[in-house]
>>> print(open('entry-v9.tsv').read())   # TSV, C-alpha atoms
chain	number	residue	atom	x	y	z
A	1	MET	CA	39.13	-21.95	172.23
A	2	ASP	CA	41.68	-22.21	175.01
A	3	PRO	CA	45.17	-21.76	173.55
A	4	LEU	CA	46.67	-23.77	176.40
A	5	LYS	CA	44.44	-26.76	175.75
A	6	LYS	CA	46.28	-29.63	174.11
A	7	PRO	CA	44.80	-30.39	170.67
A	8	ARG	CA	43.12	-33.75	170.22
A	9	VAL	CA	44.79	-34.23	166.82
A	10	SER	CA	48.46	-33.53	166.09
A	11	ASP	CA	49.52	-31.38	163.12
A	12	ALA	CA	50.72	-34.45	161.21
A	13	GLY	CA	47.48	-36.24	162.10
A	14	ALA	CA	45.42	-33.35	160.71
A	15	TRP	CA	47.32	-33.44	157.41
A	16	ALA	CA	47.06	-37.23	157.22
A	17	MET	CA	43.29	-37.05	157.86
A	18	ASN	CA	42.86	-34.56	155.03
A	19	VAL	CA	45.07	-36.34	152.51
A	20	PHE	CA	43.69	-39.84	153.04
A	21	SER	CA	40.03	-38.76	153.35
A	22	SER	CA	40.34	-36.63	150.18
A	23	VAL	CA	41.98	-39.42	148.21
A	24	GLY	CA	39.45	-41.91	149.60
A	25	ILE	CA	36.46	-39.77	148.64
A	26	ILE	CA	37.80	-39.34	145.10
A	27	MET	CA	38.12	-43.11	144.71
A	28	VAL	CA	34.64	-43.75	146.18
A	29	ASN	CA	33.06	-40.99	144.06
A	30	LYS	CA	34.55	-42.58	140.94
A	31	GLN	CA	32.55	-45.68	141.77
A	32	VAL	CA	29.44	-43.64	142.63
A	33	MET	CA	29.45	-41.29	139.64
A	34	SER	CA	31.09	-43.16	136.77
A	35	ALA	CA	29.02	-44.88	134.09
A	36	SER	CA	30.84	-48.13	134.87
A	37	GLY	CA	29.87	-47.76	138.54
A	38	TYR	CA	26.50	-46.62	139.89
A	39	ASP	CA	26.13	-43.66	137.48
A	40	PHE	CA	24.92	-41.21	140.17
A	41	SER	CA	26.24	-38.23	138.19
A	42	PHE	CA	24.62	-35.50	140.33
A	43	ALA	CA	27.75	-33.89	141.76
A	44	THR	CA	26.15	-30.81	143.34
A	45	THR	CA	23.34	-32.81	144.95
A	46	LEU	CA	25.89	-35.33	146.25
A	47	THR	CA	27.77	-32.44	147.85
A	48	GLY	CA	24.49	-31.42	149.50
A	49	PHE	CA	24.28	-34.95	150.96
A	50	HIS	CA	27.85	-34.53	152.22
A	51	PHE	CA	27.03	-31.35	154.12
A	52	ALA	CA	23.76	-32.83	155.41
A	53	MET	CA	25.73	-35.69	156.96
A	54	THR	CA	28.27	-33.19	158.34
A	55	ALA	CA	25.47	-31.06	159.84
A	56	PHE	CA	23.93	-34.18	161.45
A	57	ILE	CA	27.26	-35.22	163.00
A	58	GLY	CA	27.74	-31.65	164.26
A	59	TRP	CA	24.26	-31.63	165.82
A	60	VAL	CA	24.87	-34.99	167.55
A	61	SER	CA	28.25	-33.76	168.84
A	62	SER	CA	26.72	-30.56	170.22
A	63	ALA	CA	23.70	-32.34	171.75
A	64	SER	CA	25.93	-34.87	173.48
A	65	GLY	CA	28.14	-32.10	174.90
A	66	TYR	CA	31.22	-33.29	173.05
A	67	SER	CA	31.62	-29.90	171.33
A	68	SER	CA	30.70	-26.44	172.57
A	69	SER	CA	28.81	-23.79	170.64
A	70	LYS	CA	30.10	-20.23	170.25
A	71	HIS	CA	28.28	-17.29	168.72
A	72	VAL	CA	29.00	-16.34	165.13
A	73	PRO	CA	26.71	-13.69	163.56
A	74	LEU	CA	24.16	-15.19	161.17
A	75	TRP	CA	25.01	-12.76	158.38
A	76	GLU	CA	28.64	-13.92	158.50
A	77	LEU	CA	27.56	-17.56	158.19
A	78	LEU	CA	25.19	-16.71	155.32
A	79	TRP	CA	27.69	-14.86	153.13
A	80	PHE	CA	30.35	-17.49	153.84
A	81	SER	CA	27.93	-20.26	152.79
A	82	VAL	CA	27.07	-18.40	149.58
A	83	VAL	CA	30.78	-18.07	148.74
A	84	ALA	CA	31.42	-21.75	149.57
A	85	ASN	CA	28.50	-22.93	147.43
A	86	LEU	CA	29.59	-20.74	144.51
A	87	SER	CA	33.00	-22.38	144.83
A	88	ILE	CA	31.47	-25.86	144.49
A	89	THR	CA	29.08	-25.06	141.63
A	90	GLY	CA	31.72	-22.94	139.87
A	91	MET	CA	34.14	-25.87	139.88
A	92	ASN	CA	31.47	-28.23	138.53
A	93	PHE	CA	30.53	-25.84	135.72
A	94	SER	CA	34.19	-25.15	134.94
A	95	LEU	CA	34.87	-28.88	134.55
A	96	MET	CA	31.86	-29.24	132.23
A	97	LEU	CA	32.52	-26.18	130.04
A	98	ASN	CA	36.32	-26.32	129.81
A	99	SER	CA	38.84	-29.01	128.99
A	100	VAL	CA	40.34	-31.06	131.82
A	101	GLY	CA	43.67	-29.34	131.16
A	102	PHE	CA	42.26	-25.85	131.73
A	103	TYR	CA	40.34	-27.10	134.78
A	104	GLN	CA	43.65	-28.25	136.29
A	105	ILE	CA	45.30	-24.92	135.44
A	106	SER	CA	42.48	-23.07	137.21
A	107	LYS	CA	43.03	-25.23	140.32
A	108	LEU	CA	46.77	-24.50	140.23
A	109	SER	CA	46.07	-20.77	139.95
A	110	MET	CA	44.50	-20.85	143.42
A	111	ILE	CA	47.94	-20.81	145.05
A	112	PRO	CA	49.01	-17.37	143.70
A	113	VAL	CA	45.44	-16.05	144.11
A	114	VAL	CA	45.42	-17.08	147.79
A	115	CYS	CA	48.84	-15.45	148.27
A	116	VAL	CA	47.64	-12.18	146.74
A	117	MET	CA	44.37	-12.20	148.68
A	118	GLU	CA	46.14	-12.89	152.00
A	119	TRP	CA	48.49	-10.00	151.24
A	120	MET	CA	45.55	-7.69	150.41
A	121	LEU	CA	43.23	-8.78	153.25
A	122	ASN	CA	45.68	-9.64	156.03
A	123	GLY	CA	48.90	-7.86	155.01
A	124	LYS	CA	50.77	-11.16	154.90
A	125	ARG	CA	54.10	-11.19	153.05
A	126	TYR	CA	56.09	-14.14	151.71
A	127	THR	CA	59.83	-14.65	151.52
A	128	PRO	CA	61.49	-15.37	148.13
A	129	ARG	CA	62.15	-18.97	149.24
A	130	VAL	CA	58.46	-19.56	149.96
A	131	ALA	CA	57.44	-17.96	146.64
A	132	ALA	CA	59.98	-20.06	144.73
A	133	SER	CA	58.82	-23.30	146.37
A	134	VAL	CA	55.18	-22.48	145.51
A	135	LEU	CA	56.17	-22.07	141.85
A	136	VAL	CA	58.04	-25.40	141.89
A	137	VAL	CA	54.96	-27.20	143.29
A	138	ALA	CA	52.63	-25.59	140.75
A	139	PHE	CA	55.04	-26.40	137.90
A	140	GLY	CA	55.36	-30.05	138.99
A	141	VAL	CA	51.61	-30.61	139.39
A	142	GLY	CA	51.08	-28.84	136.07
A	143	ILE	CA	53.38	-31.28	134.30
A	144	CYS	CA	51.44	-34.18	135.87
A	145	THR	CA	47.92	-33.05	135.08
A	146	VAL	CA	47.74	-30.47	132.30
A	147	THR	CA	47.32	-31.95	128.82
A	148	ASP	CA	44.91	-30.43	126.31
A	149	VAL	CA	43.80	-26.85	127.07
A	150	HIS	CA	40.53	-25.57	125.60
A	151	VAL	CA	38.52	-22.70	127.05
A	152	ASN	CA	35.55	-20.50	126.14
A	153	THR	CA	34.19	-17.25	127.55
A	154	THR	CA	31.51	-18.86	129.73
A	155	GLY	CA	33.93	-21.51	130.97
A	156	LEU	CA	36.53	-18.85	131.80
A	157	LEU	CA	33.94	-16.90	133.79
A	158	CYS	CA	32.90	-20.00	135.75
A	159	ALA	CA	36.55	-20.90	136.44
A	160	SER	CA	37.29	-17.35	137.63
A	161	VAL	CA	34.30	-17.39	140.00
A	162	ALA	CA	35.36	-20.82	141.31
A	163	VAL	CA	38.99	-19.79	141.91
A	164	PHE	CA	38.03	-16.51	143.60
A	165	CYS	CA	35.35	-18.06	145.83
A	166	THR	CA	37.48	-21.08	146.81
A	167	SER	CA	40.41	-18.84	147.73
A	168	LEU	CA	38.19	-16.45	149.72
A	169	GLN	CA	36.46	-19.37	151.47
A	170	GLN	CA	39.74	-20.92	152.62
A	171	ILE	CA	41.13	-17.60	153.89
A	172	THR	CA	37.84	-16.88	155.71
A	173	ILE	CA	37.89	-20.23	157.52
A	174	GLY	CA	41.13	-19.26	159.26
A	175	SER	CA	39.97	-15.66	159.86
A	176	PHE	CA	36.68	-16.76	161.47
A	177	GLN	CA	38.46	-19.19	163.81
A	178	LYS	CA	40.75	-16.40	165.04
A	179	LYS	CA	38.09	-13.66	165.06
A	180	TYR	CA	35.50	-15.61	167.07
A	181	SER	CA	37.90	-17.94	168.98
A	182	ILE	CA	35.98	-20.91	167.66
A	183	GLY	CA	37.25	-24.40	166.97
A	184	SER	CA	37.37	-25.92	163.50
A	185	PHE	CA	34.64	-28.50	164.09
A	186	GLU	CA	32.39	-25.97	165.87
A	187	LEU	CA	32.66	-23.57	162.90
A	188	LEU	CA	31.98	-26.39	160.44
A	189	SER	CA	28.91	-27.41	162.47
A	190	LYS	CA	27.50	-23.89	162.04
A	191	THR	CA	28.13	-23.54	158.30
A	192	ALA	CA	27.23	-27.10	157.23
A	193	PRO	CA	23.43	-26.86	157.81
A	194	ILE	CA	23.15	-23.69	155.70
A	195	GLN	CA	25.23	-25.20	152.90
A	196	ALA	CA	23.30	-28.48	153.05
A	197	VAL	CA	19.87	-26.83	152.76
A	198	SER	CA	20.91	-24.47	149.95
A	199	LEU	CA	22.71	-27.20	147.95
A	200	LEU	CA	19.84	-29.68	148.30
A	201	ILE	CA	17.39	-27.01	147.08
A	202	PHE	CA	19.40	-25.54	144.19
A	203	GLY	CA	21.76	-28.47	143.50
A	204	PRO	CA	19.27	-30.56	141.47
A	205	PHE	CA	18.71	-27.60	139.12
A	206	ALA	CA	22.46	-27.19	138.61
A	207	ASP	CA	22.83	-30.93	138.00
A	208	TYR	CA	19.98	-30.90	135.49
A	209	TYR	CA	21.74	-28.11	133.57
A	210	LEU	CA	25.06	-29.98	133.71
A	211	LYS	CA	23.82	-33.50	132.91
A	212	GLY	CA	20.29	-33.14	131.55
A	213	ARG	CA	19.03	-35.61	134.15
A	214	VAL	CA	16.72	-35.19	137.14
A	215	VAL	CA	17.91	-36.69	140.43
A	216	THR	CA	14.39	-37.91	141.27
A	217	SER	CA	14.52	-40.21	138.22
A	218	TYR	CA	17.54	-42.09	139.56
A	219	GLN	CA	16.91	-45.69	140.60
A	220	PHE	CA	18.62	-46.18	143.96
A	221	THR	CA	20.03	-49.63	144.71
A	222	VAL	CA	21.48	-51.04	147.93
A	223	GLY	CA	24.99	-50.76	146.48
A	224	ALA	CA	24.46	-47.15	145.37
A	225	VAL	CA	23.10	-46.15	148.79
A	226	PHE	CA	26.03	-47.85	150.53
A	227	PHE	CA	28.63	-46.04	148.42
A	228	ILE	CA	26.81	-42.69	148.75
A	229	LEU	CA	26.79	-43.10	152.54
A	230	LEU	CA	30.48	-44.06	152.43
A	231	SER	CA	31.16	-40.94	150.36
A	232	CYS	CA	29.24	-38.82	152.91
A	233	SER	CA	31.20	-40.34	155.82
A	234	LEU	CA	34.53	-39.59	154.14
A	235	ALA	CA	33.28	-36.08	153.35
A	236	VAL	CA	32.69	-35.43	157.07
A	237	VAL	CA	36.32	-36.34	157.84
A	238	CYS	CA	37.54	-34.36	154.81
A	239	ASN	CA	35.58	-31.22	155.79
A	240	MET	CA	36.69	-31.48	159.43
A	241	SER	CA	40.35	-31.89	158.49
A	242	GLN	CA	40.16	-29.00	155.99
A	243	TYR	CA	38.90	-26.58	158.66
A	244	LEU	CA	41.42	-28.03	161.12
A	245	CYS	CA	44.41	-27.62	158.77
A	246	ILE	CA	43.54	-24.09	157.64
A	247	GLY	CA	42.88	-23.02	161.23
A	248	ARG	CA	46.29	-24.29	162.38
A	249	PHE	CA	48.37	-23.29	159.38
A	250	SER	CA	47.23	-21.08	156.49
A	251	ALA	CA	45.25	-21.24	153.27
A	252	VAL	CA	48.50	-21.16	151.27
A	253	SER	CA	49.97	-24.11	153.18
A	254	PHE	CA	46.71	-25.99	152.70
A	255	GLN	CA	46.88	-25.38	148.94
A	256	VAL	CA	50.56	-26.29	148.57
A	257	LEU	CA	50.62	-29.44	150.68
A	258	GLY	CA	47.14	-30.31	149.41
A	259	HIS	CA	48.67	-31.05	146.02
A	260	MET	CA	50.13	-34.14	147.67
A	261	LYS	CA	46.60	-35.48	147.13
A	262	THR	CA	47.09	-35.13	143.37
A	263	VAL	CA	50.22	-37.27	143.58
A	264	PHE	CA	48.37	-39.91	145.61
A	265	VAL	CA	45.40	-39.92	143.22
A	266	LEU	CA	47.64	-40.41	140.18
A	267	THR	CA	49.55	-43.20	141.92
A	268	LEU	CA	46.42	-45.00	143.16
A	269	GLY	CA	44.78	-44.58	139.76
A	270	TRP	CA	47.77	-46.37	138.24
A	271	ILE	CA	47.67	-49.14	140.90
A	272	LEU	CA	43.90	-49.70	141.19
A	273	PHE	CA	42.42	-48.60	137.87
A	274	ASP	CA	45.26	-49.34	135.42
A	275	SER	CA	45.54	-45.65	134.51
A	276	ALA	CA	48.50	-44.74	132.31
A	277	LEU	CA	51.51	-43.39	134.20
A	278	THR	CA	54.02	-41.81	131.84
A	279	ILE	CA	57.55	-40.55	132.41
A	280	LYS	CA	56.08	-37.03	132.27
A	281	ASN	CA	53.75	-37.90	135.16
A	282	VAL	CA	56.60	-39.35	137.22
A	283	LEU	CA	58.86	-36.33	136.61
A	284	GLY	CA	56.00	-33.96	137.45
A	285	MET	CA	55.24	-35.79	140.69
A	286	ALA	CA	58.91	-35.78	141.66
A	287	CYS	CA	59.11	-32.03	140.97
A	288	ALA	CA	55.96	-31.40	143.03
A	289	ILE	CA	57.30	-33.43	145.97
A	290	VAL	CA	60.62	-31.54	145.86
A	291	GLY	CA	58.66	-28.27	145.86
A	292	MET	CA	56.64	-29.38	148.90
A	293	ILE	CA	59.83	-30.30	150.77
A	294	ILE	CA	61.36	-26.90	149.92
A	295	TYR	CA	58.15	-25.16	151.01
A	296	SER	CA	58.11	-26.99	154.35
A	297	TRP	CA	61.79	-26.12	154.90
A	298	ALA	CA	61.21	-22.45	153.93
A	299	ILE	CA	58.22	-22.12	156.29
A	300	GLU	CA	60.15	-23.76	159.14
A	301	SER	CA	63.15	-21.46	158.54
A	302	GLU	CA	60.81	-18.46	158.57
A	303	LYS	CA	59.32	-19.60	161.89
A	304	GLN	CA	62.80	-20.05	163.40
A	305	GLN	CA	63.84	-16.57	162.24
A	306	LYS	CA	60.72	-15.06	163.78
A	307	THR	CA	61.35	-16.96	167.02
A	308	ALA	CA	64.99	-15.84	167.11
A	309	SER	CA	63.95	-12.24	166.41
A	310	PHE	CA	61.35	-12.38	169.17
A	311	ASN	CA	63.84	-13.87	171.64
A	312	LEU	CA	66.38	-11.15	170.78
A	313	LYS	CA	63.80	-8.42	171.34
A	314	GLU	CA	62.77	-10.06	174.60
A	315	ASP	CA	66.41	-10.24	175.76
A	316	ASN	CA	66.93	-6.58	174.85
A	317	ARG	CA	63.78	-5.63	176.73
A	318	LEU	CA	64.88	-7.52	179.84
A	319	GLU	CA	68.33	-5.98	179.62
A	320	GLU	CA	66.83	-2.49	179.40
A	321	GLU	CA	64.65	-3.22	182.42
A	322	GLU	CA	67.69	-4.44	184.40
A	323	VAL	CA	69.65	-1.30	183.48
A	324	LYS	CA	66.71	0.86	184.51
A	325	LEU	CA	66.43	-0.97	187.85
A	326	LEU	CA	70.17	-0.52	188.50
A	327	LYS	CA	69.92	3.19	187.69
A	328	ASP	CA	66.91	3.56	189.98
A	329	ARG	CA	68.74	1.71	192.76
A	330	LYS	CA	71.85	3.84	192.28
A	331	ASN	CA	69.81	7.04	192.34
A	332	GLY	CA	68.04	5.79	195.47
A	333	ASP	CA	71.37	5.05	197.19
A	334	SER	CA	72.72	8.49	196.26
A	335	LYS	CA	69.60	10.12	197.62
A	336	ASN	CA	69.93	8.21	200.91
A	337	ASP	CA	73.61	9.29	201.20
A	338	ILE	CA	72.65	12.93	200.72
A	339	GLU	CA	69.88	12.67	203.32
A	340	SER	CA	72.32	11.03	205.80
A	341	GLN	CA	74.88	13.81	205.29
A	342	THR	CA	72.19	16.48	205.76
A	343	LYS	CA	71.05	14.90	209.05
A	344	SER	CA	74.58	14.66	210.38
>>> encode(input="entry-v9.tsv", output="structure tokens")
Amino acid sequence: MDPLKKPRVSDAGAWAMNVFSSVGIIMVNKQVMSASGYDFSFATTLTGFHFAMTAFIGWVSSASGYSSSKHVPLWELLWFSVVANLSITGMNFSLMLNSVGFYQISKLSMIPVVCVMEWMLNGKRYTPRVAASVLVVAFGVGICTVTDVHVNTTGLLCASVAVFCTSLQQITIGSFQKKYSIGSFELLSKTAPIQAVSLLIFGPFADYYLKGRVVTSYQFTVGAVFFILLSCSLAVVCNMSQYLCIGRFSAVSFQVLGHMKTVFVLTLGWILFDSALTIKNVLGMACAIVGMIIYSWAIESEKQQKTASFNLKEDNRLEEEEVKLLKDRKNGDSKNDIESQTKS
């Protein structure tokens, strides 16, 4: 990927794509999966459909020459796909086996887990301001979403696998893009077919264990097919924007600012579905938004400090080079004077 090439989507556009597609897919999936909607409660199989649509779009883009293909070793794609699929199934099992409150806590725990893993794998360190802002965001979202907390041994194991695999997946997305100089959509086009095939093969078994229903027994209607296709279309945009955001920023930034989606979902649930919105929810959302603002400010300050430090080092280097050139010129002039005196 040419670093000088101007990106097709701005940074703000990438975030907007991810937030609105994620919120949109949640709203559509409520209609698809809820008993009051179309009752297609096969979450893992539906995710397989999502990646199948993504793989198809990637193939069309590559065949039409819109996107280029770069080599990524097959074994890297395979282990990444296994981790990504464990993340999806782990989250589904965690939601089934644990209370909604513990499920939300496990999602919030991804932020510190990603921080620790980036420190261990990439040696990345965080300033106290960044760490404090992360805690504020997690605290605010926790107030919004965490209610009853019930957990069991199996549920805890599934939640731990989900958190670890999701964190590793998001860090790896950014690492692969840098390691192989590959664009976000090109990388997604390579991983999506593997994830689609594996999820469509093993997903129905996971869904049967979760729901006790077989996907082949579902009676598809025109409305159900339409909303499933709409869900798949939004998933393509959501997956693309996820790879795009992580590639440009970091897994931690994606986690922190991604909680803006939680605020949007709560607000839209109140507007569209008459969900209860308590003072606790409002205070939690306000706290989360303040934390996101502080995080953005802390990251920007860190970038400015790094830029200033780099400019100072560059100025010092240029100054040293100028001094060296002056010394060399002075020594050359002295040498010429000595040679002139010797000749005379």
>>> closest_residue(input="entry-v9.tsv", among="A:Phe40, A:Trp75, A:Phe254, A:Trp297", to="Gln170 of chain A", atoms="all atoms listed in the file")
A:Phe254
>>> residues_around(input="entry-v9.tsv", residues="Met240 of chain A", least_positions_apart="6", cutoff="10 Å", atoms="only C-alpha atoms", output="ChimeraX atom specification")
/A:14,17-18,54,184-189,234
>>> write_last_selection(input="entry-v9.tsv", atoms="C-alpha atoms", output="PDB file, in the coordinates of the input")
ATOM      1  CA  ALA A  14      45.420 -33.350 160.710  1.00  0.00           C
ATOM      2  CA  MET A  17      43.290 -37.050 157.860  1.00  0.00           C
ATOM      3  CA  ASN A  18      42.860 -34.560 155.030  1.00  0.00           C
ATOM      4  CA  THR A  54      28.270 -33.190 158.340  1.00  0.00           C
ATOM      5  CA  SER A 184      37.370 -25.920 163.500  1.00  0.00           C
ATOM      6  CA  PHE A 185      34.640 -28.500 164.090  1.00  0.00           C
ATOM      7  CA  GLU A 186      32.390 -25.970 165.870  1.00  0.00           C
ATOM      8  CA  LEU A 187      32.660 -23.570 162.900  1.00  0.00           C
ATOM      9  CA  LEU A 188      31.980 -26.390 160.440  1.00  0.00           C
ATOM     10  CA  SER A 189      28.910 -27.410 162.470  1.00  0.00           C
ATOM     11  CA  LEU A 234      34.530 -39.590 154.140  1.00  0.00           C
TER      12      LEU A 234
END
>>> residues_around(input="entry-v9.tsv", residues="Ser133 of chain A", least_positions_apart="2", cutoff="8 Å", atoms="all atoms listed in the file", output="JSON, numbers by chain")
{"A": [129, 130, 131, 135, 136, 137, 291, 292, 294, 295, 298]}
>>> write_last_selection(input="entry-v9.tsv", atoms="C-alpha atoms", output="JSON list (two decimals), in the frame of the given file")
[["chain", "number", "residue", "atom", "x", "y", "z"],
["A", 129, "ARG", "CA", 62.15, -18.97, 149.24],
["A", 130, "VAL", "CA", 58.46, -19.56, 149.96],
["A", 131, "ALA", "CA", 57.44, -17.96, 146.64],
["A", 135, "LEU", "CA", 56.17, -22.07, 141.85],
["A", 136, "VAL", "CA", 58.04, -25.40, 141.89],
["A", 137, "VAL", "CA", 54.96, -27.20, 143.29],
["A", 291, "GLY", "CA", 58.66, -28.27, 145.86],
["A", 292, "MET", "CA", 56.64, -29.38, 148.90],
["A", 294, "ILE", "CA", 61.36, -26.90, 149.92],
["A", 295, "TYR", "CA", 58.15, -25.16, 151.01],
["A", 298, "ALA", "CA", 61.21, -22.45, 153.93]]
>>> residues_near_point(input="entry-v9.tsv", point="(40.8, -16.2, 154.3)", cutoff="12 Å", atoms="only C-alpha atoms", output="number ranges by chain")
A: 80, 83-84, 113-124, 164-179, 243, 246-247, 249-252, 254
>>> closest_residue(input="entry-v9.tsv", among="A:Asn152, A:Ser69, A:Ser64, A:Gln255", to="Tyr103 of chain A", atoms="only C-alpha atoms")
A:Asn152
>>> closest_residue(input="entry-v9.tsv", among="A:Leu77, A:Val263, A:Val282, A:Ala138", to="Lys107 of chain A", atoms="only C-alpha atoms")
A:Ala138
>>> closest_residue(input="entry-v9.tsv", among="A:Ser94, A:Ser36, A:Ser68, A:Thr221", to="Ser181 of chain A", atoms="all atoms listed in the file")
A:Ser68
>>> atom_distance(input="entry-v9.tsv", atom1="atom CA of Ile289 of chain A", atom2="atom CA of Ile143 of chain A")
12.5 Å
>>> build_atoms(input="entry-v9.tsv", residues="segment 184-207 of chain A", atoms="N, CA and C atoms", output="PDB file, keeping the file's coordinate frame")
ATOM      1  N   SER A 184      37.637 -25.565 164.900  1.00  0.00           N
ATOM      2  CA  SER A 184      37.370 -25.920 163.500  1.00  0.00           C
ATOM      3  C   SER A 184      36.063 -26.698 163.357  1.00  0.00           C
ATOM      4  N   PHE A 185      35.845 -27.680 164.209  1.00  0.00           N
ATOM      5  CA  PHE A 185      34.640 -28.500 164.090  1.00  0.00           C
ATOM      6  C   PHE A 185      33.391 -27.693 164.470  1.00  0.00           C
ATOM      7  N   GLU A 186      33.521 -26.804 165.459  1.00  0.00           N
ATOM      8  CA  GLU A 186      32.390 -25.970 165.870  1.00  0.00           C
ATOM      9  C   GLU A 186      31.972 -25.030 164.737  1.00  0.00           C
ATOM     10  N   LEU A 187      32.966 -24.453 164.036  1.00  0.00           N
ATOM     11  CA  LEU A 187      32.660 -23.570 162.900  1.00  0.00           C
ATOM     12  C   LEU A 187      32.007 -24.363 161.775  1.00  0.00           C
ATOM     13  N   LEU A 188      32.544 -25.545 161.488  1.00  0.00           N
ATOM     14  CA  LEU A 188      31.980 -26.390 160.440  1.00  0.00           C
ATOM     15  C   LEU A 188      30.533 -26.767 160.776  1.00  0.00           C
ATOM     16  N   SER A 189      30.263 -27.038 162.051  1.00  0.00           N
ATOM     17  CA  SER A 189      28.910 -27.410 162.470  1.00  0.00           C
ATOM     18  C   SER A 189      27.908 -26.283 162.260  1.00  0.00           C
ATOM     19  N   LYS A 190      28.390 -25.037 162.258  1.00  0.00           N
ATOM     20  CA  LYS A 190      27.500 -23.890 162.040  1.00  0.00           C
ATOM     21  C   LYS A 190      27.271 -23.597 160.561  1.00  0.00           C
ATOM     22  N   THR A 191      28.277 -23.834 159.725  1.00  0.00           N
ATOM     23  CA  THR A 191      28.130 -23.540 158.300  1.00  0.00           C
ATOM     24  C   THR A 191      27.499 -24.692 157.521  1.00  0.00           C
ATOM     25  N   ALA A 192      27.702 -25.924 157.976  1.00  0.00           N
ATOM     26  CA  ALA A 192      27.230 -27.100 157.230  1.00  0.00           C
ATOM     27  C   ALA A 192      25.715 -27.121 157.021  1.00  0.00           C
ATOM     28  N   PRO A 193      24.879 -26.814 158.047  1.00  0.00           N
ATOM     29  CA  PRO A 193      23.430 -26.860 157.810  1.00  0.00           C
ATOM     30  C   PRO A 193      22.963 -25.889 156.728  1.00  0.00           C
ATOM     31  N   ILE A 194      23.550 -24.686 156.712  1.00  0.00           N
ATOM     32  CA  ILE A 194      23.150 -23.690 155.700  1.00  0.00           C
ATOM     33  C   ILE A 194      23.552 -24.169 154.313  1.00  0.00           C
ATOM     34  N   GLN A 195      24.773 -24.701 154.194  1.00  0.00           N
ATOM     35  CA  GLN A 195      25.230 -25.200 152.900  1.00  0.00           C
ATOM     36  C   GLN A 195      24.411 -26.411 152.461  1.00  0.00           C
ATOM     37  N   ALA A 196      24.071 -27.279 153.397  1.00  0.00           N
ATOM     38  CA  ALA A 196      23.300 -28.480 153.050  1.00  0.00           C
ATOM     39  C   ALA A 196      21.929 -28.097 152.492  1.00  0.00           C
ATOM     40  N   VAL A 197      21.222 -27.223 153.198  1.00  0.00           N
ATOM     41  CA  VAL A 197      19.870 -26.830 152.760  1.00  0.00           C
ATOM     42  C   VAL A 197      19.917 -26.160 151.391  1.00  0.00           C
ATOM     43  N   SER A 198      20.832 -25.207 151.213  1.00  0.00           N
ATOM     44  CA  SER A 198      20.910 -24.470 149.950  1.00  0.00           C
ATOM     45  C   SER A 198      21.315 -25.387 148.786  1.00  0.00           C
ATOM     46  N   LEU A 199      22.265 -26.306 149.027  1.00  0.00           N
ATOM     47  CA  LEU A 199      22.710 -27.200 147.950  1.00  0.00           C
ATOM     48  C   LEU A 199      21.641 -28.231 147.594  1.00  0.00           C
ATOM     49  N   LEU A 200      20.893 -28.705 148.591  1.00  0.00           N
ATOM     50  CA  LEU A 200      19.840 -29.680 148.300  1.00  0.00           C
ATOM     51  C   LEU A 200      18.649 -29.039 147.599  1.00  0.00           C
ATOM     52  N   ILE A 201      18.479 -27.720 147.771  1.00  0.00           N
ATOM     53  CA  ILE A 201      17.390 -27.010 147.080  1.00  0.00           C
ATOM     54  C   ILE A 201      17.800 -26.663 145.642  1.00  0.00           C
ATOM     55  N   PHE A 202      18.979 -26.041 145.504  1.00  0.00           N
ATOM     56  CA  PHE A 202      19.400 -25.540 144.190  1.00  0.00           C
ATOM     57  C   PHE A 202      20.286 -26.543 143.432  1.00  0.00           C
ATOM     58  N   GLY A 203      20.867 -27.509 144.141  1.00  0.00           N
ATOM     59  CA  GLY A 203      21.760 -28.470 143.500  1.00  0.00           C
ATOM     60  C   GLY A 203      21.123 -29.265 142.375  1.00  0.00           C
ATOM     61  N   PRO A 204      19.896 -29.803 142.564  1.00  0.00           N
ATOM     62  CA  PRO A 204      19.270 -30.560 141.470  1.00  0.00           C
ATOM     63  C   PRO A 204      19.094 -29.756 140.180  1.00  0.00           C
ATOM     64  N   PHE A 205      18.844 -28.440 140.316  1.00  0.00           N
ATOM     65  CA  PHE A 205      18.710 -27.600 139.120  1.00  0.00           C
ATOM     66  C   PHE A 205      20.063 -27.462 138.411  1.00  0.00           C
ATOM     67  N   ALA A 206      21.122 -27.279 139.201  1.00  0.00           N
ATOM     68  CA  ALA A 206      22.460 -27.190 138.610  1.00  0.00           C
ATOM     69  C   ALA A 206      22.840 -28.504 137.934  1.00  0.00           C
ATOM     70  N   ASP A 207      22.513 -29.624 138.581  1.00  0.00           N
ATOM     71  CA  ASP A 207      22.830 -30.930 138.000  1.00  0.00           C
ATOM     72  C   ASP A 207      22.041 -31.190 136.725  1.00  0.00           C
TER      73      ASP A 207
END
